[in-house]
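For reference, model-v6.csv (CSV, C-alpha atoms and all ligand atoms):
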```
chain,number,residue,atom,x,y,z
A,1,MET,CA,-44.9,-165.5,-89.6
A,2,CYS,CA,-47.4,-162.8,-89.8
A,3,SER,CA,-47.8,-159.6,-91.7
A,4,GLY,CA,-49.4,-156.2,-90.9
A,5,ASN,CA,-50.6,-155.4,-87.5
A,6,CYS,CA,-49.7,-157.9,-84.9
A,7,SER,CA,-50.9,-158.2,-81.4
A,8,VAL,CA,-49.5,-160.5,-78.7
A,9,LEU,CA,-51.7,-161.3,-75.8
A,10,LEU,CA,-49.7,-161.3,-72.6
A,11,GLY,CA,-52.4,-161.6,-70.0
A,12,ASP,CA,-54.5,-164.7,-69.6
A,13,THR,CA,-57.9,-163.2,-69.3
A,14,PRO,CA,-61.2,-164.1,-70.9
A,15,SER,CA,-62.3,-160.5,-71.4
A,16,PRO,CA,-59.6,-157.9,-72.1
A,17,PRO,CA,-60.6,-154.3,-71.9
A,18,SER,CA,-62.6,-153.2,-74.9
A,19,SER,CA,-60.7,-150.3,-76.3
A,20,SER,CA,-57.5,-149.3,-74.6
A,21,MET,CA,-54.9,-152.0,-74.8
A,22,THR,CA,-51.7,-150.2,-74.5
A,23,SER,CA,-49.2,-150.6,-71.7
A,24,HIS,CA,-49.1,-146.9,-70.9
A,25,ASP,CA,-52.5,-146.6,-69.3
A,26,PRO,CA,-51.8,-145.8,-65.6
A,27,GLY,CA,-53.7,-148.0,-63.3
A,28,HIS,CA,-54.4,-150.7,-65.8
A,29,SER,CA,-52.6,-153.9,-66.0
A,30,VAL,CA,-50.9,-154.8,-69.3
A,31,TRP,CA,-53.2,-156.9,-71.4
A,32,SER,CA,-51.3,-157.0,-74.6
A,33,TRP,CA,-48.8,-155.3,-76.7
A,34,ALA,CA,-49.7,-154.1,-80.1
A,35,TYR,CA,-46.9,-154.0,-82.6
A,36,ALA,CA,-46.9,-152.3,-85.9
A,37,GLN,CA,-44.7,-155.2,-86.9
A,38,CYS,CA,-44.2,-158.6,-85.3
A,39,PRO,CA,-41.4,-158.7,-82.8
A,40,ASP,CA,-38.4,-160.1,-84.6
A,41,VAL,CA,-37.4,-163.7,-84.3
A,42,ASP,CA,-33.7,-164.4,-84.2
A,43,GLU,CA,-33.7,-167.3,-86.6
A,44,CYS,CA,-29.9,-167.5,-86.4
A,45,SER,CA,-29.6,-168.1,-82.6
A,46,LEU,CA,-32.7,-170.3,-82.6
A,47,GLY,CA,-31.3,-172.5,-85.4
A,48,GLN,CA,-34.4,-171.7,-87.5
A,49,HIS,CA,-32.5,-171.0,-90.7
A,50,ASP,CA,-31.4,-172.9,-93.7
A,51,CYS,CA,-28.1,-171.3,-94.3
A,52,HIS,CA,-25.4,-173.4,-95.9
A,53,PRO,CA,-22.9,-175.0,-93.5
A,54,ASP,CA,-20.2,-172.8,-95.0
A,55,ALA,CA,-22.3,-169.7,-94.6
A,56,ALA,CA,-22.9,-167.3,-91.7
A,57,CYS,CA,-26.4,-166.4,-90.6
A,58,LEU,CA,-27.2,-162.7,-90.0
A,59,ASN,CA,-30.4,-161.9,-88.2
A,60,THR,CA,-32.5,-159.1,-89.6
A,61,PRO,CA,-35.9,-157.6,-88.6
A,62,GLY,CA,-38.5,-160.0,-89.8
A,63,SER,CA,-36.1,-162.2,-91.6
A,64,TYR,CA,-32.4,-163.3,-91.8
A,65,LEU,CA,-29.6,-163.4,-94.3
A,66,CYS,CA,-27.2,-166.1,-95.2
A,67,ALA,CA,-23.7,-165.1,-96.5
A,68,CYS,CA,-21.0,-167.5,-97.5
A,69,LYS,CA,-18.0,-167.3,-95.2
A,70,LYS,CA,-14.8,-165.6,-96.3
A,71,GLY,CA,-13.1,-167.8,-98.8
A,72,TYR,CA,-16.4,-169.1,-100.1
A,73,ILE,CA,-18.8,-167.8,-102.8
A,74,GLY,CA,-22.4,-168.6,-103.5
A,75,ASP,CA,-25.9,-167.7,-102.5
A,76,GLY,CA,-25.4,-168.7,-98.9
A,77,LYS,CA,-28.2,-171.2,-98.9
A,78,THR,CA,-28.0,-173.8,-101.6
A,79,PHE,CA,-24.3,-173.5,-102.2
A,80,CYS,CA,-21.1,-172.0,-101.0
A,81,GLU,CA,-18.2,-173.0,-103.1
A,82,ARG,CA,-14.6,-172.5,-102.1
A,83,THR,CA,-12.7,-169.6,-103.6
A,84,CYS,CA,-9.7,-167.6,-102.7
A,85,PHE,CA,-9.6,-166.5,-99.1
A,86,GLU,CA,-8.7,-163.0,-100.2
A,87,ASP,CA,-10.4,-160.9,-102.8
A,88,CYS,CA,-8.0,-160.7,-105.7
A,89,VAL,CA,-8.1,-157.0,-106.3
A,90,HIS,CA,-5.8,-156.9,-109.2
A,91,GLY,CA,-5.9,-160.5,-110.3
A,92,ARG,CA,-8.0,-163.6,-110.3
A,93,CYS,CA,-8.4,-166.7,-108.2
A,94,SER,CA,-6.4,-169.7,-109.4
A,95,GLY,CA,-9.2,-172.1,-108.4
A,96,PRO,CA,-8.5,-175.6,-107.1
A,97,PRO,CA,-6.4,-176.9,-105.6
A,98,ASP,CA,-4.5,-173.9,-104.3
A,99,PHE,CA,-7.1,-171.1,-104.4
A,100,GLN,CA,-4.4,-168.4,-104.5
A,101,CYS,CA,-4.7,-165.1,-106.1
A,102,GLU,CA,-2.9,-164.9,-109.5
A,103,CYS,CA,-1.9,-161.2,-109.8
A,104,GLU,CA,-1.9,-159.2,-112.9
A,105,LEU,CA,1.4,-158.0,-114.1
A,106,GLY,CA,2.8,-155.4,-111.7
A,107,TRP,CA,0.7,-156.4,-108.7
A,108,THR,CA,1.6,-158.6,-105.7
A,109,GLY,CA,0.5,-159.5,-102.3
A,110,SER,CA,-1.9,-162.2,-101.2
A,111,ASP,CA,-4.8,-160.1,-102.5
A,112,CYS,CA,-2.9,-158.5,-105.4
A,113,GLN,CA,-3.4,-155.1,-103.9
A,114,GLU,CA,0.2,-154.1,-103.6
A,115,ASP,CA,1.7,-152.2,-106.5
A,116,CYS,CA,5.1,-153.8,-107.4
A,117,GLY,CA,6.4,-150.3,-108.1
A,118,CYS,CA,7.5,-151.5,-111.5
A,119,PHE,CA,5.0,-149.3,-113.5
A,120,GLY,CA,3.0,-152.4,-114.4
A,121,HIS,CA,5.9,-153.7,-116.4
A,122,SER,CA,7.2,-156.6,-114.2
A,123,THR,CA,6.4,-159.1,-111.6
A,124,CYS,CA,8.1,-158.6,-108.2
A,125,TYR,CA,8.3,-162.0,-106.6
A,126,GLN,CA,11.3,-160.8,-104.5
A,127,GLY,CA,9.3,-158.0,-103.0
A,128,VAL,CA,7.8,-154.6,-103.8
A,129,GLY,CA,10.2,-152.4,-105.6
A,130,THR,CA,12.3,-155.3,-107.0
A,131,CYS,CA,11.3,-155.9,-110.6
A,132,ASP,CA,12.0,-159.5,-111.6
A,133,HIS,CA,12.0,-159.3,-115.4
A,134,CYS,CA,13.2,-156.9,-117.9
A,135,GLN,CA,10.1,-155.8,-119.8
A,136,ASP,CA,9.8,-152.4,-121.5
A,137,LEU,CA,13.2,-151.4,-120.2
A,138,THR,CA,12.5,-151.9,-116.5
A,139,ASP,CA,14.7,-154.1,-114.3
A,140,GLY,CA,16.1,-154.2,-110.8
A,141,LYS,CA,15.5,-152.0,-107.9
A,142,ILE,CA,13.8,-148.6,-108.2
A,143,VAL,CA,16.3,-145.9,-107.4
A,144,ASN,CA,14.1,-142.9,-107.5
A,145,SER,CA,11.3,-143.9,-105.2
B,201,CA,CA,-35.1,-162.2,-87.7
```

Would it be possible to restate this file's structure as structure tokens?
Amino acid sequence: MCSGNCSVLLGDTPSPPSSSMTSHDPGHSVWSWAYAQCPDVDECSLGQHDCHPDAACLNTPGSYLCACKKGYIGDGKTFCERTCFEDCVHGRCSGPPDFQCECELGWTGSDCQEDCGCFGHSTCYQGVGTCDHCQDLTDGKIVNS
């Protein structure tokens, strides 16, 4: 880990040229590379990360990120706890043991993103457009959709 200007010596020579050390000088051999920043280390592929076993490692310039895998939530390093696999858009996660989305009234689908088509007045466990329960004078299939 280094900060600021970073030079990496490539040639094994006791006395590199005094001033010009870039690789673009014609006729000169390459003594070193000078980087405004250190070349990035891919901590992920090198296994030099401390991501949680249930997290994915994402290499970034100068660092890396840890993100819990889909279906887990946490900081990616110290903990990744299981949650619903889907984001419950119009609902909430049931938690253990099932970790299924529990949809708000009128929404369905594994991620509660499908509108039942019941104007928010009914569940539709038999499918979109079939309102299960009579609430606020809605029942049965929608005829004008
Ligand atoms: Ca990196």

Return as a list of chain:residue names every polymer residue, whether protein, DNA or RNA, with at least one atom no more than 8 Å from an atom of ligand CA 201 (chain B); count only C-alpha atoms and all ligand atoms. A:Asp40, A:Val41, A:Asp42, A:Glu43, A:Cys44, A:Asn59, A:Thr60, A:Pro61, A:Gly62, A:Ser63, A:Tyr64

d(atom CA of His121 of chain A, atom CA of Gly71 of chain A) in Å: 29.5 Å

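Using all atoms listed in the file for every distance, the candidate list A:Asp87, A:Asp50, A:Asp115, A:Glu81 yields A:Asp87 as the residue closest to Glu102 of chain A.
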
Given all atoms listed in the file as the basis, pick out the residue of A:Cys124, A:Leu58, A:Glu104, A:Cys93 nearest to Leu46 of chain A. A:Leu58

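The gap separating atom CA of Gly129 of chain A from atom CA of Glu86 of chain A is 22.3 Å, in Å to one decimal.
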
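In this comparison, which uses all atoms listed in the file, the residue of A:Ala34, A:Ser110, A:Gln126, A:Pro39 approaching Ser94 of chain A most closely is A:Ser110.
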
Near Gly117 of chain A, counting all atoms listed in the file, which residues have an atom at most 10 Å away, once you skip same-chain residues fewer than 4 positions from it, shown as a ChimeraX atom specification? /A:106-108,121-124,127-131,141-142,145

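Taking atom CA of Cys101 of chain A as the reference point, atom CA of Cys88 of chain A is found at 5.5 Å.
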
Ref. answer, residues at most 10 Å from (-20.6, -171.4, -92.1) with all atoms listed in the file, as a PyMOL selection string: chain A and resi 51-57+66-70+72+76+80

Could you add N, CA and C atoms to segment 60-92 of chain A and give me the result as a compact mmCIF listing (two decimals), in the coordinates of the input?
```
# COMPACT_ATOMS: atom_id res chain seq x y z
N THR A 60 -31.98 -160.34 -89.22
CA THR A 60 -32.50 -159.10 -89.60
C THR A 60 -33.93 -158.94 -89.14
N PRO A 61 -34.46 -157.73 -89.05
CA PRO A 61 -35.90 -157.60 -88.60
C PRO A 61 -36.81 -158.29 -89.56
N GLY A 62 -37.51 -159.27 -89.04
CA GLY A 62 -38.50 -160.00 -89.80
C GLY A 62 -37.94 -161.08 -90.70
N SER A 63 -36.63 -161.21 -90.73
CA SER A 63 -36.10 -162.20 -91.60
C SER A 63 -34.62 -162.52 -91.13
N TYR A 64 -33.82 -163.04 -92.04
CA TYR A 64 -32.40 -163.30 -91.80
C TYR A 64 -31.70 -163.40 -93.12
N LEU A 65 -30.39 -163.24 -93.06
CA LEU A 65 -29.60 -163.40 -94.30
C LEU A 65 -28.57 -164.46 -94.10
N CYS A 66 -28.22 -165.06 -95.22
CA CYS A 66 -27.20 -166.10 -95.20
C CYS A 66 -26.06 -165.56 -96.15
N ALA A 67 -24.86 -165.51 -95.64
CA ALA A 67 -23.70 -165.10 -96.50
C ALA A 67 -22.61 -166.08 -96.34
N CYS A 68 -22.11 -166.53 -97.48
CA CYS A 68 -21.00 -167.50 -97.50
C CYS A 68 -19.84 -166.91 -96.68
N LYS A 69 -19.17 -167.78 -95.96
CA LYS A 69 -18.00 -167.30 -95.20
C LYS A 69 -16.91 -166.86 -96.10
N LYS A 70 -15.97 -166.12 -95.49
CA LYS A 70 -14.80 -165.60 -96.30
C LYS A 70 -14.09 -166.81 -96.85
N GLY A 71 -13.78 -166.71 -98.13
CA GLY A 71 -13.10 -167.80 -98.80
C GLY A 71 -14.12 -168.71 -99.53
N TYR A 72 -15.41 -168.38 -99.44
CA TYR A 72 -16.40 -169.10 -100.10
C TYR A 72 -17.33 -168.17 -100.90
N ILE A 73 -17.91 -168.67 -101.97
CA ILE A 73 -18.80 -167.80 -102.80
C ILE A 73 -20.01 -168.63 -103.15
N GLY A 74 -21.17 -167.95 -103.13
CA GLY A 74 -22.40 -168.60 -103.50
C GLY A 74 -23.58 -167.83 -102.94
N ASP A 75 -24.76 -168.45 -102.97
CA ASP A 75 -25.90 -167.70 -102.50
C ASP A 75 -26.16 -167.84 -101.02
N GLY A 76 -25.33 -168.61 -100.34
CA GLY A 76 -25.40 -168.70 -98.90
C GLY A 76 -26.39 -169.76 -98.40
N LYS A 77 -27.23 -170.24 -99.29
CA LYS A 77 -28.20 -171.20 -98.90
C LYS A 77 -28.04 -172.57 -99.55
N THR A 78 -28.12 -172.54 -100.86
CA THR A 78 -28.00 -173.80 -101.60
C THR A 78 -26.58 -174.19 -101.86
N PHE A 79 -25.71 -173.19 -101.99
CA PHE A 79 -24.30 -173.50 -102.20
C PHE A 79 -23.38 -172.45 -101.79
N CYS A 80 -22.23 -172.85 -101.29
CA CYS A 80 -21.10 -172.00 -101.00
C CYS A 80 -19.87 -172.72 -101.45
N GLU A 81 -19.33 -172.30 -102.57
CA GLU A 81 -18.20 -173.00 -103.10
C GLU A 81 -16.90 -172.27 -102.69
N ARG A 82 -15.87 -173.08 -102.53
CA ARG A 82 -14.60 -172.50 -102.10
C ARG A 82 -14.02 -171.61 -103.17
N THR A 83 -13.46 -170.50 -102.73
CA THR A 83 -12.70 -169.60 -103.60
C THR A 83 -11.54 -169.10 -102.86
N CYS A 84 -10.82 -168.15 -103.42
CA CYS A 84 -9.70 -167.60 -102.70
C CYS A 84 -10.13 -166.92 -101.43
N PHE A 85 -9.31 -167.07 -100.39
CA PHE A 85 -9.60 -166.50 -99.10
C PHE A 85 -9.68 -164.95 -99.23
N GLU A 86 -8.74 -164.42 -100.00
CA GLU A 86 -8.70 -163.00 -100.20
C GLU A 86 -9.45 -162.61 -101.46
N ASP A 87 -9.94 -161.39 -101.51
CA ASP A 87 -10.40 -160.90 -102.80
C ASP A 87 -9.24 -160.47 -103.62
N CYS A 88 -9.17 -161.02 -104.81
CA CYS A 88 -8.00 -160.70 -105.70
C CYS A 88 -8.29 -159.42 -106.39
N VAL A 89 -7.77 -158.34 -105.80
CA VAL A 89 -8.10 -157.00 -106.30
C VAL A 89 -7.63 -156.76 -107.68
N HIS A 90 -6.33 -157.02 -107.90
CA HIS A 90 -5.80 -156.90 -109.20
C HIS A 90 -5.29 -158.24 -109.71
N GLY A 91 -6.22 -159.14 -109.85
CA GLY A 91 -5.90 -160.50 -110.30
C GLY A 91 -7.10 -161.36 -110.26
N ARG A 92 -6.87 -162.67 -110.32
CA ARG A 92 -8.00 -163.60 -110.30
C ARG A 92 -7.63 -164.78 -109.45
```
